[in-house]
Structures are given as C-alpha cells and as structure tokens.
Amino acid sequence: MNSLQIMSFGEQGWAADMLLAALMTCAISVSGFLGGSVIGCLGCWAKLSQYALLRWLADVYTTVLRGVPDLLIIYMFYFGSSMVLTQIAQSLGFKGFVGFPGFLVGVAAISVISGAYQLEVLRGAVINVPVGTIEAGKSLGLPKLKLFALILAPQALRIALPGLGNVWLLVLKDSALISVVGLVELMRQSQMGAGATHQPFLFYCTAAALYFVISALSSHLIGRLEHKLDKPMRRA
C-alpha cells in the first residue's frame, strides 16, 4: 500500500482512526483545561487571600507542579490511583489490577498541571486591574458579588486571555503524554499505525499536521476573542 492508500477512508485506511484520535485529543485537552480553570480560579483566590495558610498552600502547589515534569505527574496519578483502587478491591474480595479509565486519569492530571499555570496567569491579571475602577464600583455601593462580576472579572479576563491562550497550547501538547496510560489519542494512534504499517514517518507527519491544525484554529479563535474584548477599551 502506498501513502495515499494508508491515509485514506477506505476499509484498510487509517484516516478515520486518526481523525477520531484527534477528536479524543481535543476532548481530553478541553476537559483538562476547564478543570484547570476551576483549580486556577480557586488557587488565585487562595493566593490573594488575607489568610497566610491559604497563600502558603497556593505557593506550594504552584512551585511543586511547575517544578515537577508533567510526565511524572501523569505517572503518579495513574499508578497512585490504581494502587488505591486495587487495594480497595482486594479488601472487598476482588483479585487483579483495578484502575481508573485512561481518560479520567488524563483529565485529572492535565487539570492539576494546567491549574498551576492558570493560577499564576489569573493572579497576575487580577493584580493588574486598575484600582480606580474597583474603587469607583465601591463608591457606587456595589456589593462584592456584583463588583466581581461587573468590574473585576471582565477586566481580569481581558488581561489574562493571552496568557491563558499559551496555557491552552501547553495543555494541547501535554495531551500527547497521556498515551503512556493507554488512552488512544492522536499520539497513541500514530504509534499504533506506525507499528502496524511500518510507516512511522507518515503517521508522525500526519499527527504533526493535525496538531498544527488544532493549534492554528485555537490561536485564531483566541485572537478573535481578544479583539472582541479589546473593543470597549479602544472605544474608551
């Protein structure tokens, strides 16, 4: 079979499998990024809190997660959770290895990893919001929730968006590491196809092209969102 036949949608082609794997990559990346956003928001609140213990815990979290290799974090999540589940299963009379599905492990690991980076991006955005706008809201008697929703959050999001875009691209690349837990995403599918057809260069080039397309589309959407959020500031 030539390259066109291998990367076709025919019965023996791999094109459909590669596209499905690309969709899995998108699913795990989006899920991990959203999970990291929740962690990042909570961590940002803790790091800007008046309580020293919360600030210390947030500092430890960001220092450890940004200092430890991402692959090691994924291994710790996979083998750590599997060890706990296996011990629980054995105590209940079950035998053999028990583990979480690869998708859940991947989402959890990427969420924790990206959360550390999103935390710092959000913290930097919040502290760079002009103090005068917040004081103006307070002078109008706005309650804290409305002050956050109407003044602080929109401005912080506009400032944080470029940094969050970089974190998203980091998450997209980290999704390739999830192949080590057996989840069939784009990298894993490329390895399987390369092994079955003995055409590694073809499959890895195809994977690189698909990653590039996803990244390019993501950058375009983020750029349009930045432009939209900047419109009110340009009018002012």
# chains A, B, ... in the order shown; residues from 1 in each chain; ligands from 1
>>> select_by_dssp(residues="stretch 46-82 of chain A", states="alpha helix (DSSP H)", output="MDAnalysis selection string")
chainID A and resid 46:47 52:67 70:82
>>> residues_around(residues="stretch 101-112 of chain A", least_positions_apart="3", cutoff="8 Å", atoms="only C-alpha atoms", output="list in words")
Ile28, Ser29, Ser31, Gly32, Phe33, Leu34, Gly35, Gly36, Ser37, Ile39, Leu65, Ile73, Ile74, Phe77, Tyr78, Gly115, Ala116, Val171, Asp174, Ser175, Ile178, Val181, Gly182 and Leu183 of chain A
>>> closest_residue(among="A:Ile88, A:Ile113, A:Trp14, A:Val121", to="A:Cys44", atoms="only C-alpha atoms")
A:Val121
>>> atom_distance(atom1="atom CA of A:Gly137", atom2="atom CA of A:Leu150")
8.9 Å
>>> residues_around(residues="A:Val131", least_positions_apart="4", cutoff="12 Å", atoms="only C-alpha atoms", output="number ranges by chain")
A: 126-127, 135-138, 151-152, 155-156
>>> residues_around(residues="A:Ala58", least_positions_apart="4", cutoff="9 Å", atoms="only C-alpha atoms", output="compact mmCIF listing (two decimals) with all heavy atoms, in the first residue's frame")
# COMPACT_ATOMS: atom_id res chain seq x y z
N GLY A 43 -7.29 28.61 43.25
CA GLY A 43 -5.93 28.89 43.70
C GLY A 43 -5.62 30.37 43.69
O GLY A 43 -4.91 30.88 44.57
N CYS A 44 -6.15 31.09 42.69
CA CYS A 44 -5.94 32.54 42.63
C CYS A 44 -6.58 33.22 43.83
O CYS A 44 -5.99 34.12 44.44
CB CYS A 44 -6.52 33.08 41.33
SG CYS A 44 -6.37 34.86 41.13
N ALA A 46 -7.10 31.83 46.69
CA ALA A 46 -6.30 31.48 47.87
C ALA A 46 -5.01 32.30 47.92
O ALA A 46 -4.61 32.76 48.99
CB ALA A 46 -5.98 29.99 47.85
N LYS A 47 -4.38 32.50 46.78
CA LYS A 47 -3.09 33.21 46.77
C LYS A 47 -3.25 34.69 47.07
O LYS A 47 -2.32 35.34 47.55
CB LYS A 47 -2.42 33.02 45.41
CG LYS A 47 -0.90 33.18 45.48
CD LYS A 47 -0.21 32.48 44.34
CE LYS A 47 1.28 32.40 44.56
NZ LYS A 47 1.99 31.67 43.50
N LEU A 53 -2.18 30.86 55.64
CA LEU A 53 -2.14 29.43 55.35
C LEU A 53 -2.59 29.15 53.91
O LEU A 53 -1.97 28.34 53.21
CB LEU A 53 -3.05 28.67 56.32
CG LEU A 53 -3.15 27.15 56.10
CD1 LEU A 53 -1.78 26.50 56.21
CD2 LEU A 53 -4.13 26.52 57.09
N LEU A 54 -3.64 29.82 53.46
CA LEU A 54 -4.11 29.62 52.10
C LEU A 54 -3.07 30.10 51.09
O LEU A 54 -2.84 29.44 50.06
CB LEU A 54 -5.43 30.36 51.89
CG LEU A 54 -6.66 29.82 52.63
CD1 LEU A 54 -7.88 30.68 52.35
CD2 LEU A 54 -6.92 28.37 52.24
N THR A 62 1.78 25.71 43.30
CA THR A 62 2.36 26.20 42.04
C THR A 62 3.84 25.86 41.92
O THR A 62 4.32 25.51 40.83
CB THR A 62 2.18 27.73 41.93
OG1 THR A 62 2.73 28.37 43.09
CG2 THR A 62 0.71 28.09 41.81
N THR A 63 4.57 25.92 43.03
CA THR A 63 6.00 25.61 42.99
C THR A 63 6.24 24.16 42.63
O THR A 63 7.09 23.83 41.78
CB THR A 63 6.66 25.93 44.34
OG1 THR A 63 6.47 27.32 44.65
CG2 THR A 63 8.15 25.62 44.30
N ALA A 116 -1.97 24.97 37.80
CA ALA A 116 -0.85 25.71 38.40
C ALA A 116 -0.45 26.90 37.53
O ALA A 116 -0.14 27.99 38.03
CB ALA A 116 0.34 24.78 38.60
N LEU A 119 -3.36 29.52 37.45
CA LEU A 119 -3.39 30.27 38.71
C LEU A 119 -2.51 31.51 38.61
O LEU A 119 -2.94 32.62 38.96
CB LEU A 119 -2.94 29.35 39.84
CG LEU A 119 -3.04 29.85 41.29
CD1 LEU A 119 -2.96 28.67 42.26
CD2 LEU A 119 -1.93 30.84 41.66
>>> atom_distance(atom1="atom CA of A:Trp168", atom2="atom CA of A:Leu19")
20.2 Å
>>> residues_around(residues="A:Ser3", least_positions_apart="3", cutoff="8 Å", atoms="only C-alpha atoms", output="JSON, numbers by chain")
{"A": [6, 7, 202]}
>>> write_last_selection(atoms="all heavy atoms", output="PDB file, in the first residue's frame")
ATOM      1  N   ILE A   6      -2.842   4.267   2.564  1.00  0.00           N
ATOM      2  CA  ILE A   6      -2.771   4.104   4.023  1.00  0.00           C
ATOM      3  C   ILE A   6      -3.573   5.198   4.716  1.00  0.00           C
ATOM      4  O   ILE A   6      -4.312   4.944   5.671  1.00  0.00           O
ATOM      5  CB  ILE A   6      -1.300   4.136   4.498  1.00  0.00           C
ATOM      6  CG1 ILE A   6      -0.563   2.901   3.979  1.00  0.00           C
ATOM      7  CG2 ILE A   6      -1.226   4.182   6.023  1.00  0.00           C
ATOM      8  CD1 ILE A   6       0.921   2.906   4.286  1.00  0.00           C
ATOM      9  N   MET A   7      -3.461   6.442   4.232  1.00  0.00           N
ATOM     10  CA  MET A   7      -4.164   7.566   4.845  1.00  0.00           C
ATOM     11  C   MET A   7      -5.474   7.885   4.122  1.00  0.00           C
ATOM     12  O   MET A   7      -5.836   9.035   3.922  1.00  0.00           O
ATOM     13  CB  MET A   7      -3.261   8.803   4.854  1.00  0.00           C
ATOM     14  CG  MET A   7      -2.214   8.759   5.942  1.00  0.00           C
ATOM     15  SD  MET A   7      -2.963   8.630   7.586  1.00  0.00           S
ATOM     16  CE  MET A   7      -1.527   8.158   8.555  1.00  0.00           C
ATOM     17  N   LEU A 202       5.274   8.599   8.028  1.00  0.00           N
ATOM     18  CA  LEU A 202       3.972   9.009   7.502  1.00  0.00           C
ATOM     19  C   LEU A 202       3.004   9.328   8.632  1.00  0.00           C
ATOM     20  O   LEU A 202       2.329  10.371   8.617  1.00  0.00           O
ATOM     21  CB  LEU A 202       3.398   7.903   6.610  1.00  0.00           C
ATOM     22  CG  LEU A 202       1.958   8.096   6.139  1.00  0.00           C
ATOM     23  CD1 LEU A 202       1.840   9.341   5.271  1.00  0.00           C
ATOM     24  CD2 LEU A 202       1.483   6.846   5.385  1.00  0.00           C
TER      25      LEU A 202
END
>>> closest_residue(among="A:Leu48, A:Ile222, A:Leu72, A:Ala16", to="A:Ala125", atoms="only C-alpha atoms")
A:Leu48
>>> closest_residue(among="A:Leu161, A:Val129, A:Ala209, A:Met18", to="A:Leu221", atoms="only C-alpha atoms")
A:Leu161
>>> residues_around(residues="A:Met192", least_positions_apart="2", cutoff="12 Å", atoms="only C-alpha atoms", output="number ranges by chain")
A: 14, 17-18, 21, 179, 182-190, 194-200, 203-204
>>> closest_residue(among="A:Val64, A:Pro154, A:Ser215, A:Gly141", to="A:Lys228", atoms="only C-alpha atoms")
A:Pro154
